[in-house]
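model-v3.cif (mmCIF, C-alpha atoms and all ligand atoms)
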```
data_protein
loop_
_atom_site.label_atom_id
_atom_site.label_comp_id
_atom_site.auth_asym_id
_atom_site.auth_seq_id
_atom_site.Cartn_x
_atom_site.Cartn_y
_atom_site.Cartn_z
CA MET A 21 155.46 -58.22 11.34
CA GLU A 22 158.06 -55.95 9.83
CA ASN A 23 157.22 -53.95 6.67
CA LEU A 24 153.48 -54.56 6.97
CA ALA A 25 151.37 -51.44 7.20
CA PHE A 26 147.75 -51.43 8.36
CA PRO A 27 145.47 -48.44 7.76
CA SER A 28 145.80 -45.69 10.37
CA GLY A 29 143.10 -46.11 13.00
CA PHE A 30 143.15 -49.90 12.51
CA LEU A 31 141.57 -51.34 15.67
CA TRP A 32 143.64 -53.96 17.52
CA GLY A 33 141.84 -56.08 20.09
CA VAL A 34 141.33 -59.40 21.82
CA SER A 35 138.14 -61.39 22.38
CA THR A 36 136.63 -63.55 25.13
CA SER A 37 133.17 -64.75 26.13
CA ALA A 38 131.36 -64.81 29.46
CA PHE A 39 130.77 -68.54 29.89
CA GLN A 40 134.32 -69.39 28.88
CA ILE A 41 136.11 -67.14 31.41
CA GLU A 42 133.80 -65.79 34.15
CA GLY A 43 133.05 -68.74 36.46
CA ALA A 44 130.82 -67.71 39.41
CA THR A 45 127.96 -69.53 37.68
CA SER A 46 125.68 -69.36 40.75
CA GLU A 47 126.83 -66.06 42.23
CA ASP A 48 124.96 -62.78 42.65
CA GLY A 49 121.69 -63.99 41.20
CA ARG A 50 122.99 -65.58 37.98
CA GLY A 51 120.55 -68.23 36.75
CA PRO A 52 121.43 -71.54 35.04
CA SER A 53 122.23 -71.51 31.32
CA VAL A 54 121.98 -74.29 28.74
CA TRP A 55 125.74 -74.74 29.08
CA ASP A 56 125.44 -75.29 32.85
CA THR A 57 122.94 -78.02 32.00
CA PHE A 58 125.01 -79.45 29.13
CA ALA A 59 128.39 -79.39 30.97
CA PRO A 60 127.39 -79.34 34.65
CA GLY A 61 130.03 -77.71 36.88
CA ARG A 62 132.65 -77.53 34.11
CA ALA A 63 132.77 -73.75 34.05
CA ASP A 64 131.89 -73.01 37.68
CA VAL A 65 135.37 -71.48 38.05
CA ALA A 66 136.81 -71.27 34.49
CA CYS A 67 139.27 -68.32 34.66
CA ASP A 68 137.49 -66.84 37.72
CA HIS A 69 137.20 -63.63 35.70
CA TYR A 70 134.09 -62.63 37.67
CA HIS A 71 136.42 -61.97 40.63
CA ARG A 72 139.74 -61.38 38.85
CA TRP A 73 138.50 -58.94 36.19
CA PRO A 74 140.68 -56.05 37.57
CA GLU A 75 143.77 -58.20 36.97
CA ASP A 76 142.54 -59.02 33.47
CA VAL A 77 141.88 -55.37 32.68
CA ALA A 78 145.44 -54.68 33.85
CA LEU A 79 146.65 -57.32 31.37
CA LEU A 80 144.66 -55.60 28.60
CA THR A 81 146.23 -52.28 29.58
CA GLU A 82 149.72 -53.82 29.52
CA LEU A 83 148.93 -55.39 26.15
CA GLY A 84 148.00 -51.95 24.83
CA VAL A 85 145.00 -53.02 22.72
CA GLY A 86 142.52 -50.38 21.61
CA ALA A 87 139.50 -52.63 22.19
CA TYR A 88 138.33 -55.60 24.22
CA ARG A 89 135.53 -57.86 23.01
CA PHE A 90 133.63 -59.58 25.83
CA SER A 91 130.11 -60.95 26.13
CA PHE A 92 127.29 -60.24 28.55
CA ALA A 93 126.01 -63.37 30.29
CA TRP A 94 122.26 -63.36 29.60
CA PRO A 95 121.57 -65.48 32.74
CA ARG A 96 123.41 -62.85 34.83
CA ILE A 97 121.27 -60.04 33.41
CA GLN A 98 117.91 -61.87 33.25
CA PRO A 99 118.22 -65.14 35.26
CA THR A 100 115.05 -66.62 33.74
CA GLY A 101 115.56 -65.08 30.30
CA SER A 102 112.91 -62.40 30.71
CA GLY A 103 111.56 -59.87 33.19
CA ALA A 104 113.25 -57.38 35.45
CA PRO A 105 117.06 -57.36 35.19
CA ASN A 106 119.27 -58.62 38.03
CA ALA A 107 120.88 -55.53 39.58
CA ALA A 108 124.04 -57.41 40.62
CA GLY A 109 124.49 -58.67 37.07
CA LEU A 110 124.21 -55.20 35.59
CA ALA A 111 126.57 -53.87 38.26
CA PHE A 112 129.29 -56.39 37.35
CA TYR A 113 129.36 -55.18 33.75
CA ASP A 114 129.16 -51.56 34.89
CA ARG A 115 132.39 -52.09 36.82
CA LEU A 116 134.08 -53.91 33.93
CA ILE A 117 133.03 -51.39 31.28
CA ASP A 118 133.91 -48.39 33.43
CA ALA A 119 137.37 -49.85 34.05
CA LEU A 120 137.86 -50.40 30.31
CA CYS A 121 136.82 -46.82 29.55
CA GLU A 122 139.14 -45.60 32.31
CA ALA A 123 141.98 -47.52 30.62
CA ASP A 124 141.03 -46.07 27.22
CA ILE A 125 140.14 -49.53 25.91
CA ALA A 126 136.97 -49.57 23.77
CA PRO A 127 134.38 -52.01 25.18
CA VAL A 128 133.10 -54.22 22.34
CA ALA A 129 130.07 -56.12 23.61
CA THR A 130 128.63 -59.39 22.36
CA VAL A 131 125.05 -59.55 23.58
CA TYR A 132 124.81 -63.35 23.30
CA HIS A 133 127.64 -65.89 23.22
CA TRP A 134 125.59 -69.11 23.57
CA ASP A 135 124.63 -69.03 27.28
CA THR A 136 120.84 -69.13 26.89
CA PRO A 137 119.00 -68.98 30.26
CA GLN A 138 117.74 -72.53 30.80
CA PRO A 139 114.03 -71.59 31.21
CA LEU A 140 114.04 -70.27 27.62
CA GLU A 141 115.51 -73.57 26.40
CA ASP A 142 112.79 -75.39 28.35
CA ASP A 143 110.42 -73.37 26.14
CA GLY A 144 112.11 -74.59 22.93
CA GLY A 145 115.10 -72.27 22.81
CA TRP A 146 115.93 -71.12 19.27
CA LEU A 147 113.37 -73.57 17.87
CA ASN A 148 110.74 -71.27 19.38
CA ARG A 149 110.22 -68.02 17.46
CA GLU A 150 109.24 -66.33 20.74
CA LYS A 151 112.88 -66.43 21.86
CA ALA A 152 113.66 -63.76 19.24
CA TYR A 153 111.32 -61.37 21.06
CA ARG A 154 112.79 -62.25 24.50
CA PHE A 155 116.21 -61.58 22.97
CA ALA A 156 115.16 -58.15 21.72
CA GLU A 157 113.87 -57.28 25.21
CA TYR A 158 117.20 -58.43 26.70
CA ALA A 159 119.14 -56.32 24.15
CA SER A 160 116.99 -53.34 25.05
CA VAL A 161 117.88 -53.71 28.75
CA LEU A 162 121.59 -53.68 27.81
CA GLY A 163 121.21 -50.78 25.40
CA GLU A 164 119.43 -48.65 28.00
CA ARG A 165 122.18 -49.32 30.56
CA PHE A 166 125.35 -49.34 28.46
CA ALA A 167 124.77 -47.50 25.15
CA ASP A 168 126.66 -44.51 26.56
CA ARG A 169 129.89 -46.51 27.00
CA VAL A 170 129.92 -49.59 24.74
CA ARG A 171 131.70 -48.66 21.49
CA MET A 172 130.65 -51.60 19.29
CA TRP A 173 127.73 -53.99 19.65
CA ILE A 174 127.44 -57.57 18.36
CA PRO A 175 123.99 -59.10 18.98
CA LEU A 176 124.85 -62.76 18.28
CA ASN A 177 128.11 -64.67 18.26
CA GLU A 178 128.23 -67.20 15.42
CA PRO A 179 124.57 -68.18 14.92
CA MET A 180 125.85 -70.87 12.53
CA VAL A 181 127.65 -72.69 15.34
CA THR A 182 124.57 -72.50 17.55
CA THR A 183 122.44 -73.99 14.75
CA MET A 184 124.87 -76.66 13.52
CA PHE A 185 126.68 -77.67 16.73
CA GLY A 186 123.84 -76.99 19.19
CA TYR A 187 120.77 -78.17 17.28
CA ALA A 188 121.90 -80.16 14.19
CA ILE A 189 124.66 -82.46 15.50
CA GLY A 190 124.47 -81.95 19.27
CA GLU A 191 128.18 -81.42 20.01
CA TYR A 192 127.29 -78.17 21.84
CA ALA A 193 124.45 -77.14 24.14
CA PRO A 194 121.56 -77.83 24.06
CA GLY A 195 122.74 -81.08 22.42
CA ARG A 196 119.92 -81.55 19.88
CA THR A 197 120.52 -83.78 16.84
CA LEU A 198 117.97 -82.47 14.32
CA LEU A 199 120.28 -82.26 11.28
CA LEU A 200 118.58 -80.05 8.65
CA ASP A 201 115.46 -79.76 10.83
CA ALA A 202 117.66 -77.46 12.94
CA LEU A 203 117.46 -74.72 10.29
CA PRO A 204 114.48 -72.91 11.85
CA THR A 205 116.92 -72.01 14.68
CA ALA A 206 119.00 -70.13 12.10
CA HIS A 207 115.97 -68.14 11.01
CA HIS A 208 114.85 -67.36 14.56
CA GLN A 209 118.40 -66.19 15.40
CA HIS A 210 118.38 -63.94 12.33
CA LEU A 211 115.05 -62.49 13.46
CA ALA A 212 116.52 -62.03 16.96
CA HIS A 213 119.50 -60.25 15.42
CA GLY A 214 117.31 -57.86 13.43
CA LEU A 215 114.98 -57.10 16.35
CA ALA A 216 117.97 -56.58 18.65
CA VAL A 217 119.62 -54.16 16.20
CA GLN A 218 116.42 -52.11 16.25
CA ALA A 219 116.12 -52.33 20.05
CA LEU A 220 119.75 -51.27 20.55
CA ARG A 221 119.39 -48.33 18.16
CA ALA A 222 116.16 -47.28 19.93
CA ALA A 223 118.15 -47.26 23.18
CA GLY A 224 120.76 -44.98 21.65
CA ALA A 225 123.37 -47.62 20.81
CA SER A 226 125.45 -47.19 17.66
CA ASN A 227 128.13 -49.08 15.76
CA ILE A 228 126.28 -52.40 15.54
CA GLY A 229 127.40 -55.43 13.55
CA THR A 230 127.95 -59.18 13.61
CA ALA A 231 130.45 -61.88 14.57
CA ASN A 232 129.68 -64.50 11.93
CA HIS A 233 131.77 -67.67 11.68
CA HIS A 234 133.01 -68.09 8.10
CA CYS A 235 135.09 -70.87 6.51
CA PRO A 236 135.92 -71.38 2.82
CA VAL A 237 134.53 -74.80 1.79
CA TRP A 238 136.87 -76.81 -0.47
CA PRO A 239 135.84 -79.90 -2.50
CA THR A 240 138.15 -82.85 -1.80
CA SER A 241 138.52 -83.55 -5.54
CA ASN A 242 137.74 -81.96 -8.89
CA ALA A 243 134.80 -84.32 -9.39
CA GLU A 244 131.57 -82.45 -10.16
CA ALA A 245 129.82 -84.34 -7.34
CA ASP A 246 132.37 -83.05 -4.82
CA HIS A 247 132.07 -79.48 -6.15
CA ASP A 248 128.27 -79.77 -5.85
CA ALA A 249 128.60 -80.99 -2.27
CA ALA A 250 130.97 -78.11 -1.45
CA ARG A 251 128.48 -75.57 -2.86
CA ARG A 252 125.71 -77.01 -0.69
CA LEU A 253 127.87 -77.03 2.43
CA ASP A 254 128.98 -73.45 1.72
CA ALA A 255 125.29 -72.44 1.49
CA LEU A 256 124.67 -74.05 4.88
CA LEU A 257 127.75 -72.88 6.80
CA ASN A 258 128.28 -69.46 5.24
CA ARG A 259 125.63 -67.98 2.94
CA ALA A 260 122.66 -69.04 5.12
CA PHE A 261 124.14 -66.70 7.76
CA SER A 262 125.47 -63.81 5.69
CA ASP A 263 122.83 -63.50 2.90
CA PRO A 264 119.85 -62.84 5.23
CA VAL A 265 121.56 -60.03 7.16
CA LEU A 266 123.36 -58.50 4.16
CA LEU A 267 120.97 -59.22 1.26
CA GLY A 268 117.62 -59.90 2.96
CA GLY A 269 117.27 -63.39 1.44
CA TYR A 270 118.37 -67.03 1.79
CA PRO A 271 120.26 -69.35 -0.58
CA ALA A 272 117.67 -71.35 -2.56
CA GLU A 273 118.84 -74.69 -1.09
CA ILE A 274 118.11 -73.45 2.43
CA GLU A 275 114.54 -72.15 1.87
CA PRO A 276 112.75 -75.56 1.94
CA HIS A 277 113.98 -76.05 5.55
CA LEU A 278 112.75 -72.70 6.91
CA PRO A 279 109.58 -72.03 8.90
CA ALA A 280 106.41 -71.04 7.00
CA GLY A 281 106.19 -67.27 6.53
CA TYR A 282 109.95 -66.78 6.93
CA ALA A 283 109.95 -64.29 4.02
CA ASP A 284 107.81 -61.88 6.07
CA ASP A 285 110.70 -61.52 8.53
CA LEU A 286 113.38 -60.60 6.00
CA VAL A 287 112.82 -56.84 6.25
CA ASN A 288 113.25 -57.04 10.03
CA ILE A 289 116.36 -59.21 9.63
CA ALA A 290 118.24 -57.15 7.04
CA GLN A 291 118.80 -54.10 9.23
CA PRO A 292 121.56 -51.76 8.02
CA LEU A 293 124.78 -52.61 9.88
CA ASP A 294 127.76 -50.46 10.75
CA PHE A 295 130.27 -53.31 10.44
CA TYR A 296 130.46 -56.98 9.51
CA GLY A 297 132.40 -59.07 12.04
CA VAL A 298 134.03 -62.26 10.80
CA ASN A 299 135.36 -65.11 12.95
CA TYR A 300 137.86 -67.17 10.96
CA TYR A 301 139.78 -70.28 12.05
CA GLU A 302 140.15 -72.73 9.17
CA PRO A 303 138.67 -73.93 5.84
CA GLN A 304 136.34 -76.94 5.68
CA GLY A 305 136.57 -79.91 3.26
CA ALA A 306 133.50 -81.39 1.54
CA ALA A 307 132.78 -84.46 -0.58
CA ALA A 308 129.74 -86.04 -2.22
CA PRO A 309 127.53 -87.88 0.29
CA GLY A 310 127.69 -91.64 0.66
CA GLU A 311 124.75 -93.86 -0.30
CA GLY A 312 121.70 -93.17 1.92
CA SER A 313 123.34 -90.22 3.68
CA PRO A 314 120.76 -87.91 5.35
CA LEU A 315 122.87 -84.93 4.27
CA PRO A 316 123.71 -83.68 0.73
CA PHE A 317 127.44 -83.58 1.55
CA GLU A 318 130.08 -85.25 3.66
CA LEU A 319 132.47 -83.26 5.83
CA ARG A 320 136.09 -84.06 5.07
CA PRO A 321 139.27 -82.91 6.88
CA ILE A 322 141.60 -80.53 5.06
CA GLU A 323 144.90 -82.42 4.70
CA GLY A 324 148.40 -81.28 3.90
CA PHE A 325 148.76 -78.36 6.32
CA PRO A 326 150.36 -78.05 9.77
CA ARG A 327 147.77 -78.39 12.55
CA THR A 328 147.05 -76.80 15.91
CA THR A 329 146.70 -78.78 19.13
CA ASN A 330 142.97 -78.45 18.47
CA ASP A 331 143.55 -80.42 15.25
CA SER A 332 142.70 -77.41 13.03
CA PRO A 333 144.63 -77.04 9.76
CA ILE A 334 146.63 -73.78 9.62
CA VAL A 335 145.66 -72.13 6.30
CA PRO A 336 146.23 -68.35 6.27
CA ALA A 337 145.57 -68.16 2.52
CA ALA A 338 141.97 -69.25 3.16
CA LEU A 339 141.43 -66.07 5.17
CA HIS A 340 142.45 -63.98 2.16
CA GLU A 341 140.11 -66.07 -0.03
CA LEU A 342 137.30 -65.58 2.48
CA LEU A 343 137.68 -61.79 2.74
CA VAL A 344 137.95 -61.23 -1.02
CA GLY A 345 135.02 -63.63 -1.49
CA LEU A 346 132.82 -61.59 0.87
CA ARG A 347 133.67 -58.41 -1.04
CA ASP A 348 132.95 -60.07 -4.39
CA ARG A 349 129.61 -61.51 -3.23
CA TYR A 350 128.26 -58.51 -1.35
CA GLY A 351 129.98 -55.52 -2.97
CA GLU A 352 128.44 -52.30 -1.67
CA ARG A 353 126.20 -54.32 0.71
CA LEU A 354 129.27 -55.38 2.72
CA PRO A 355 129.91 -52.90 5.56
CA PRO A 356 133.48 -52.37 6.82
CA VAL A 357 134.87 -55.69 8.10
CA TYR A 358 136.44 -56.57 11.44
CA LEU A 359 138.11 -59.89 12.23
CA THR A 360 136.18 -60.35 15.48
CA GLU A 361 137.98 -63.66 16.13
CA ASN A 362 141.12 -65.29 14.78
CA GLY A 363 143.46 -67.49 16.77
CA ALA A 364 144.71 -70.99 17.45
CA SER A 365 145.37 -73.48 20.16
CA PHE A 366 149.02 -74.21 21.02
CA ASP A 367 150.64 -75.31 24.28
CA GLY A 368 153.32 -73.62 26.37
CA VAL A 369 154.26 -70.08 27.32
CA HIS A 370 156.98 -69.94 24.63
CA ASP A 371 154.41 -70.18 21.86
CA GLN A 372 156.30 -69.36 18.67
CA GLU A 373 153.69 -71.39 16.73
CA ARG A 374 151.02 -68.90 17.80
CA ILE A 375 153.24 -65.98 16.80
CA ASP A 376 153.75 -67.59 13.40
CA PHE A 377 149.99 -68.26 13.09
CA LEU A 378 149.04 -64.67 13.91
CA ASP A 379 151.79 -63.22 11.71
CA ALA A 380 150.71 -65.31 8.71
CA HIS A 381 147.01 -64.54 9.16
CA LEU A 382 147.67 -60.84 9.56
CA ARG A 383 149.64 -60.92 6.32
CA SER A 384 146.52 -62.37 4.69
CA VAL A 385 144.45 -59.56 6.16
CA ALA A 386 146.96 -56.98 4.86
CA ALA A 387 146.85 -58.59 1.40
CA ALA A 388 143.05 -58.46 1.41
CA ILE A 389 143.18 -54.78 2.36
CA THR A 390 145.57 -54.19 -0.55
CA ALA A 391 143.08 -56.05 -2.77
CA GLY A 392 140.46 -53.49 -1.76
CA VAL A 393 138.62 -55.16 1.14
CA GLU A 394 137.89 -52.58 3.85
CA VAL A 395 139.12 -54.34 7.00
CA ARG A 396 139.15 -52.01 9.98
CA GLY A 397 140.24 -54.18 12.87
CA TYR A 398 141.48 -57.50 14.20
CA PHE A 399 140.70 -59.28 17.47
CA VAL A 400 142.79 -62.24 18.62
CA TRP A 401 140.89 -65.17 20.09
CA SER A 402 141.71 -65.07 22.96
CA LEU A 403 143.12 -62.94 25.78
CA LEU A 404 143.19 -65.91 28.20
CA ASP A 405 143.31 -69.68 27.92
CA ASN A 406 139.71 -70.62 28.69
CA PHE A 407 136.90 -73.21 28.60
CA GLU A 408 136.78 -74.46 25.00
CA TRP A 409 133.21 -75.78 25.08
CA SER A 410 132.94 -79.53 24.43
CA LYS A 411 136.76 -79.80 24.46
CA GLY A 412 137.06 -78.37 27.96
CA TYR A 413 140.35 -76.81 29.08
CA ALA A 414 142.81 -78.81 26.96
CA PRO A 415 142.94 -76.43 23.97
CA ARG A 416 144.81 -73.26 24.90
CA PHE A 417 143.91 -70.21 22.73
CA GLY A 418 145.17 -67.48 25.05
CA LEU A 419 147.88 -64.88 24.65
CA VAL A 420 148.00 -65.36 28.42
CA HIS A 421 148.52 -68.78 30.02
CA VAL A 422 146.10 -69.65 32.83
CA ASP A 423 147.09 -72.15 35.52
CA TYR A 424 143.61 -73.43 36.39
CA GLU A 425 144.80 -74.74 39.78
CA THR A 426 146.15 -71.41 40.99
CA GLN A 427 144.46 -69.01 38.51
CA ARG A 428 147.91 -67.52 37.92
CA ARG A 429 148.08 -65.60 34.65
CA THR A 430 151.38 -65.73 32.67
CA PRO A 431 151.73 -63.65 29.48
CA LYS A 432 153.08 -65.87 26.70
CA ASP A 433 155.70 -64.89 24.11
CA SER A 434 152.77 -64.18 21.76
CA PHE A 435 151.44 -61.61 24.26
CA HIS A 436 154.72 -59.68 24.05
CA TRP A 437 154.81 -60.05 20.25
CA TYR A 438 151.23 -58.74 19.89
CA ARG A 439 151.97 -55.94 22.39
CA LYS A 440 154.80 -54.72 20.16
CA LEU A 441 152.62 -54.96 17.07
CA VAL A 442 149.64 -53.05 18.44
CA ARG A 443 151.89 -50.30 19.73
CA ALA A 444 153.88 -49.92 16.48
C1 LIG A 501 133.93 -69.88 18.29
C2 LIG A 501 133.66 -69.21 19.52
C3 LIG A 501 134.74 -69.26 20.58
C4 LIG A 501 135.68 -70.46 20.52
C5 LIG A 501 136.84 -70.15 19.59
C6 LIG A 501 137.84 -71.31 19.56
O1 LIG A 501 134.29 -69.18 17.33
O2 LIG A 501 133.70 -71.08 18.24
O3 LIG A 501 133.33 -67.85 19.29
O4 LIG A 501 133.95 -69.32 21.74
O5 LIG A 501 136.18 -70.72 21.79
O6 LIG A 501 136.38 -69.98 18.30
O7 LIG A 501 137.21 -72.44 18.99
#
```
As a first step, turn the structure in this file into structure tokens.
Amino acid sequence: MENLAFPSGFLWGVSTSAFQIEGATSEDGRGPSVWDTFAPGRADVACDHYHRWPEDVALLTELGVGAYRFSFAWPRIQPTGSGAPNAAGLAFYDRLIDALCEADIAPVATVYHWDTPQPLEDDGGWLNREKAYRFAEYASVLGERFADRVRMWIPLNEPMVTTMFGYAIGEYAPGRTLLLDALPTAHHQHLAHGLAVQALRAAGASNIGTANHHCPVWPTSNAEADHDAARRLDALLNRAFSDPVLLGGYPAEIEPHLPAGYADDLVNIAQPLDFYGVNYYEPQGAAAPGEGSPLPFELRPIEGFPRTTNDSPIVPAALHELLVGLRDRYGERLPPVYLTENGASFDGVHDQERIDFLDAHLRSVAAAITAGVEVRGYFVWSLLDNFEWSKGYAPRFGLVHVDYETQRRTPKDSFHWYRKLVRA
């Protein structure tokens, strides 16, 4: 990363999530989540972070990052999704956050990273508007307890993935296959986001933002029909999740699929934010739908680029396009940006491919900054190899290798490369 300057005070970090690393899924009062139902037993151990967190904080200290993004496990804090908090759950995060502060590593907290307490899903989950109010109560519990120490707050991780993968196509928990009838879950998550921002601020929390998944959508040909399809898919994957929180409105093509009275919620949803977190991995291809397709587009793979072991195309230029595109669309309404996730899956401890991936994507970030996009930080996904949802433990995203038999952590070459970078 020679001769690349980032603004002074640029925040270097790494990200994880509770369900993907903690394990201990039935310990100390934690209740079942939708992911325990969807993938029974698969993350009962994971990276055993619930017990090995001191070792992982030591890794963060060795790495030298200024911030660590983790998530609270809702079923550890409120095992049934509402009511009095579980003291042991709060105590676990007290210990983790205090250790981070002790190590001068800013705790960056995601309130929800997909592990809905099962009783709330039994009540309809994100299809039920009431869940937004349960979520605000949950956020308030966290704000009261941790506002004095958490440096940045992210209410929801990637509401788009919850809606599309969890409720539209069923690849993720809770495994619903509602296609466009899943869109009310997007709206209820936006409402949850807005109510949680207000609850966190009322509890004294500051520096609140997002972690929205964004991907440039590219038509597979220059045909008008493919460009049309790409515009529709972009509305669904991107603008349906950024417009409401940044502009207080939805793309026109989304509105027919929203619950009655959705417009009354927009003021609550579009709360002023202190930052806009972006999770970027890859662009998405789109083509005109086939005859009789239930969707106004067809997803198409992006060809012609090297790929990760997770079969993702490696396209750093798309990150530059994405960041400049956000600035062009939202202008003054776009708060300072953080890359709250960027990373890739490669095998082995000598992971030069990951170094090359991170180097190339950081060059795109630097170019976007030069083009006038205010990017203030970058978080690698992820600190540790971990449970990659429906793909299990095969994809390895960590800067640190995890031997799941022994739980031995081994810093990879990319760990040492990133360590040098963040300390430069
Ligand atoms: C996401 C999630 C992470 C994933 C990571 C790799 O962006 O999908 O936030 O939990 O593990 O992105 O796919």
Residues around (116.0, -55.6, 5.0), cut-off 9 Å, counting all atoms listed in the file - what are they as an MDAnalysis selection string?
chainID A and resid 214 264:269 285:292
Residues up to 10 Å from ligand LIG 501 (chain A), counting only C-alpha atoms and all ligand atoms: could you list those as a ChimeraX atom specification?
/A:35-40,133-134,176-182,185,231-234,298-301,330,332,360-365,400-402,405-412,415-418
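Our summary of the geometry notes that CA of Arg169 (chain A) is positioned 21.0 Å from CA of Leu83 (chain A).
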At a cut-off of 9 Å, using only C-alpha atoms, what residues contact Leu31 (chain A)? Leave out same-chain residues fewer than 6 positions from it and give the result as a VMD selection string.
chain A and resid 85 to 87 358 396 to 399 442
Mind dumping the selected residues with C-alpha atoms as a tab-separated table (two decimals), keeping the file's coordinate frame?
```tsv
chain	number	residue	atom	x	y	z
A	85	VAL	CA	145.00	-53.02	22.72
A	86	GLY	CA	142.52	-50.38	21.61
A	87	ALA	CA	139.50	-52.63	22.19
A	358	TYR	CA	136.44	-56.57	11.44
A	396	ARG	CA	139.15	-52.01	9.98
A	397	GLY	CA	140.24	-54.18	12.87
A	398	TYR	CA	141.48	-57.50	14.20
A	399	PHE	CA	140.70	-59.28	17.47
A	442	VAL	CA	149.64	-53.05	18.44
```
Selection near Asp64 (chain A), 8 Å with only C-alpha atoms, sequence-local residues under 2 positions removed, as a PyMOL selection string
chain A and resi 43-46+61-62+66
Closest of A:Gly84, A:Leu199, A:Val54, A:His208 to Arg443 (chain A) - atom-to-atom distances counting all atoms listed in the file:
A:Gly84
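Of the residues listed (A:Glu273, A:Asp254, A:Asp48, A:Glu394), A:Asp48 shows the shortest atom-to-atom separation from Leu110 (chain A); distances use all atoms listed in the file.
We find CA of Leu441 (chain A) and CA of Leu354 (chain A) to be spaced 27.4 Å apart.
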For Leu315 (chain A): contacts at 10 Å, all atoms listed in the file, fewer than 4 positions along chain excluded, given as number ranges by chain:
A: 199-200, 249, 252-253, 308-310, 319
Generate the missing atoms of region 154-158 of chain A up to all heavy atoms and report them as a compact mmCIF listing (two decimals), in the coordinates of the input.
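Below is the file that was written, selection21.txt:
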```
# COMPACT_ATOMS: atom_id res chain seq x y z
N ARG A 154 112.14 -62.34 23.17
CA ARG A 154 112.79 -62.25 24.50
C ARG A 154 114.18 -61.64 24.30
O ARG A 154 114.63 -60.83 25.10
CB ARG A 154 112.93 -63.65 25.12
CG ARG A 154 111.65 -64.41 25.44
CD ARG A 154 110.76 -63.75 26.45
NE ARG A 154 110.02 -62.64 25.89
CZ ARG A 154 108.99 -62.76 25.03
NH1 ARG A 154 108.60 -63.95 24.62
NH2 ARG A 154 108.34 -61.68 24.59
N PHE A 155 114.85 -62.06 23.20
CA PHE A 155 116.21 -61.58 22.97
C PHE A 155 116.21 -60.07 22.74
O PHE A 155 117.06 -59.34 23.26
CB PHE A 155 116.84 -62.30 21.78
CG PHE A 155 118.28 -61.93 21.53
CD1 PHE A 155 119.29 -62.38 22.36
CD2 PHE A 155 118.62 -61.09 20.48
CE1 PHE A 155 120.62 -62.02 22.15
CE2 PHE A 155 119.95 -60.73 20.25
CZ PHE A 155 120.94 -61.20 21.08
N ALA A 156 115.24 -59.59 21.99
CA ALA A 156 115.16 -58.15 21.72
C ALA A 156 114.94 -57.37 23.01
O ALA A 156 115.52 -56.29 23.23
CB ALA A 156 114.05 -57.87 20.71
N GLU A 157 114.11 -57.95 23.91
CA GLU A 157 113.87 -57.28 25.21
C GLU A 157 115.18 -57.23 26.02
O GLU A 157 115.52 -56.22 26.63
CB GLU A 157 112.79 -58.04 26.00
CG GLU A 157 111.40 -57.91 25.40
CD GLU A 157 110.46 -59.07 25.78
OE1 GLU A 157 110.83 -59.87 26.67
OE2 GLU A 157 109.39 -59.17 25.17
N TYR A 158 115.91 -58.34 26.00
CA TYR A 158 117.20 -58.43 26.70
C TYR A 158 118.17 -57.39 26.14
O TYR A 158 118.82 -56.64 26.87
CB TYR A 158 117.72 -59.85 26.55
CG TYR A 158 119.18 -60.10 26.81
CD1 TYR A 158 119.79 -59.69 27.99
CD2 TYR A 158 119.97 -60.79 25.87
CE1 TYR A 158 121.14 -59.94 28.24
CE2 TYR A 158 121.31 -61.04 26.10
CZ TYR A 158 121.90 -60.61 27.27
OH TYR A 158 123.23 -60.86 27.50
```
